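Visitor: So that we are looking at the same thing, I have put the structure below in structure tokens.
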Amino acid sequence: MSEPSEGLGQSGEVDFSPDKSSAEEDITLLGPSDRVPMLRQVVVSDVRVLLPETFGRLYLVELDPPKRSLSIPISLEQAGIIAGMLSGKGAPRPMTGDLLCDILAAFDLSIEVVQITGKSGGVYLGQVTVVGASGRPRMFPCRPSDGVIVALGQALPVPILVDESLFV
């Protein structure tokens, strides 16, 4: 099981309230290397396997102009799962994403947002934000393809956001 993101409490809860130890600490100055991420909402436009590649590709396109696209390499298994979800044909028996969606629903938890947050080397990074009855969001790191599978498996649409710096 994945641990909550670093910087969160042990329970994974996000505390949005500022530290009030001094008035000066309420102001955060960004240095030249600090960047506030701009997130753009995307939709899943396609999933393909392009031979001779030995992996699938997940294609995301911005919802709003300029409608840039992003291609993320994913496993063949996940490409098959996403292709089935997009076509409305599920697997003959529940897959891991189905199981997770069922567990979330049984405990009244919902996916608030899926974010593709960056890239380290050739690996894309993501996170899923889950909200329970308390209304407090909890963020968990994930592979972008896992986040997309869980988002597509929800009863209500879940926004998928991509850090603008990832678009070429």
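Letters for chains follow the order of the structure tokens (A, B, ...), residue numbers begin at 1 for each chain, and ligand numbers begin at 1 in the order shown.
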I need the residues in segment 134-163 of chain A that are strand (DSSP E or B) according to DSSP; give them as a list in words.

Guide: Pro137, Arg138, Met139, Phe140, Pro141, Cys142, Ile160, Leu161, Val162 and Asp163 of chain A

Visitor: If you take only C-alpha atoms and a cut-off of 12 Å, which residues of segment 95-126 of chain A touch segment 65-85 of chain A, and what are their nearest atom pairs and distances in Å to one decimal, in chain and number order, as JSON lines?

Guide:
```
{"residue": "A:Met95", "atom": "CA", "partner": "A:Ile81", "partner_atom": "CA", "distance": 8.3}
{"residue": "A:Thr96", "atom": "CA", "partner": "A:Ile81", "partner_atom": "CA", "distance": 10.0}
{"residue": "A:Gly97", "atom": "CA", "partner": "A:Ile81", "partner_atom": "CA", "distance": 8.9}
{"residue": "A:Asp98", "atom": "CA", "partner": "A:Ile81", "partner_atom": "CA", "distance": 10.1}
{"residue": "A:Ile116", "atom": "CA", "partner": "A:Ile72", "partner_atom": "CA", "distance": 10.2}
{"residue": "A:Gly118", "atom": "CA", "partner": "A:Ile72", "partner_atom": "CA", "distance": 11.6}
{"residue": "A:Lys119", "atom": "CA", "partner": "A:Ile72", "partner_atom": "CA", "distance": 10.4}
{"residue": "A:Gly122", "atom": "CA", "partner": "A:Pro73", "partner_atom": "CA", "distance": 9.2}
{"residue": "A:Val123", "atom": "CA", "partner": "A:Pro73", "partner_atom": "CA", "distance": 8.7}
{"residue": "A:Tyr124", "atom": "CA", "partner": "A:Ile72", "partner_atom": "CA", "distance": 7.4}
{"residue": "A:Leu125", "atom": "CA", "partner": "A:Ile72", "partner_atom": "CA", "distance": 10.5}
{"residue": "A:Gly126", "atom": "CA", "partner": "A:Ile72", "partner_atom": "CA", "distance": 11.6}
```

Visitor: Would you output that residue set with C-alpha atoms, as a JSON list (two decimals), in the first residue's frame?

Guide:
```
[["chain", "number", "residue", "atom", "x", "y", "z"],
["A", 95, "MET", "CA", -9.22, -5.71, -12.25],
["A", 96, "THR", "CA", -7.21, -3.89, -9.56],
["A", 97, "GLY", "CA", -8.68, -0.50, -10.52],
["A", 98, "ASP", "CA", -12.22, -1.91, -10.30],
["A", 116, "ILE", "CA", 0.17, 14.48, -13.26],
["A", 118, "GLY", "CA", 6.06, 16.18, -13.04],
["A", 119, "LYS", "CA", 8.68, 13.99, -14.56],
["A", 122, "GLY", "CA", 11.73, 9.41, -18.17],
["A", 123, "VAL", "CA", 9.19, 8.61, -15.44],
["A", 124, "TYR", "CA", 6.00, 10.63, -15.09],
["A", 125, "LEU", "CA", 4.79, 11.37, -11.55],
["A", 126, "GLY", "CA", 1.23, 11.63, -10.35]]
```

Visitor: For Ser165 of chain A, list every protein, DNA or RNA residue within 10 Å, evaluated using only C-alpha atoms, and leave out those in the same chain fewer than 3 positions away; present the list as a PyMOL selection string.

Guide: chain A and resi 37-40+117-119+162+168

Visitor: Take the residues that were just selected and, keeping C-alpha atoms, output them as a compact mmCIF listing (two decimals), in the first residue's frame.

Guide:
```txt
# COMPACT_ATOMS: atom_id res chain seq x y z
CA PRO A 37 2.80 24.86 -10.91
CA MET A 38 0.10 25.78 -13.40
CA LEU A 39 -2.25 22.86 -13.82
CA ARG A 40 -4.31 22.35 -16.96
CA THR A 117 2.69 16.57 -11.40
CA GLY A 118 6.06 16.18 -13.04
CA LYS A 119 8.68 13.99 -14.56
CA VAL A 162 -1.45 18.10 -15.83
CA VAL A 168 5.87 20.29 -25.34
```

Visitor: Using only C-alpha atoms for the distances, tell me which of A:Ser134, A:Gln41, A:Thr54, A:Ser110 is nearest to Asp163 of chain A.

Guide: A:Gln41

Visitor: My list of candidates is A:Met139, A:Ile149, A:Val130, A:Cys101. Which is closest to Leu86 of chain A when distances are computed with only C-alpha atoms?

Guide: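 With only C-alpha atoms as the atom set, the closest residue is A:Ile149.
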
Visitor: Between atom CA of Lys89 of chain A and atom CA of Val150 of chain A, what is the distance in Å, rounded to a tenth?

Guide: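 According to the coordinates, atom CA of Lys89 of chain A and atom CA of Val150 of chain A are separated by 15.6 Å.
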
Visitor: Atom CA of Pro157 of chain A to atom CA of Ala91 of chain A: how many Å, to one decimal?

Guide: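 So the two atoms, atom CA of Pro157 of chain A and atom CA of Ala91 of chain A, lie 20.3 Å apart.
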
Visitor: Between A:Gly147, A:Val44, A:Val158, A:Gly135, which one has atoms that come closest to Leu100 of chain A, using only C-alpha atoms?

Guide: A:Gly147

Visitor: Pick the closest to Leu104 of chain A from A:Gly56, A:Val131, A:Leu50, A:Val148: which is it, counting only C-alpha atoms?

Guide: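 For Leu104 of chain A, the nearest of the candidates is A:Val131.
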
Visitor: Contacts of Val47 of chain A at 6 Å or less, counting only C-alpha atoms, minus same-chain residues fewer than 5 places along, as a PyMOL selection string?

Guide: chain A and resi 57-59

Visitor: Suppose we keep N, CA and C atoms; can you now write the selection as a compact mmCIF listing (two decimals), in the first residue's frame?

Guide:
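Writing the result to out.txt gives the following:
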```txt
# COMPACT_ATOMS: atom_id res chain seq x y z
N ARG A 57 0.77 3.73 -25.04
CA ARG A 57 0.85 5.18 -24.87
C ARG A 57 -0.53 5.71 -24.52
N LEU A 58 -0.57 6.52 -23.47
CA LEU A 58 -1.78 7.20 -23.05
C LEU A 58 -1.72 8.62 -23.60
N TYR A 59 -2.77 9.01 -24.32
CA TYR A 59 -2.81 10.35 -24.92
C TYR A 59 -3.82 11.20 -24.18
```

Visitor: Please compute the atom CA of Gln127 of chain A-atom CA of Gly90 of chain A distance, one decimal, in Å.

Guide: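 One can read the atom CA of Gln127 of chain A to atom CA of Gly90 of chain A distance as 24.2 Å.
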
Visitor: Given only C-alpha atoms as the basis, pick out the residue of A:Val42, A:Leu161, A:Val113, A:Leu156 nearest to Phe140 of chain A.

Guide: A:Val113

Visitor: For Leu152 of chain A, which residue out of A:Val61, A:Glu164, A:Val43, A:Ala105 is the nearest one, using only C-alpha atoms?

Guide: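 That would be A:Val43, the residue with the smallest distance to Leu152 of chain A.
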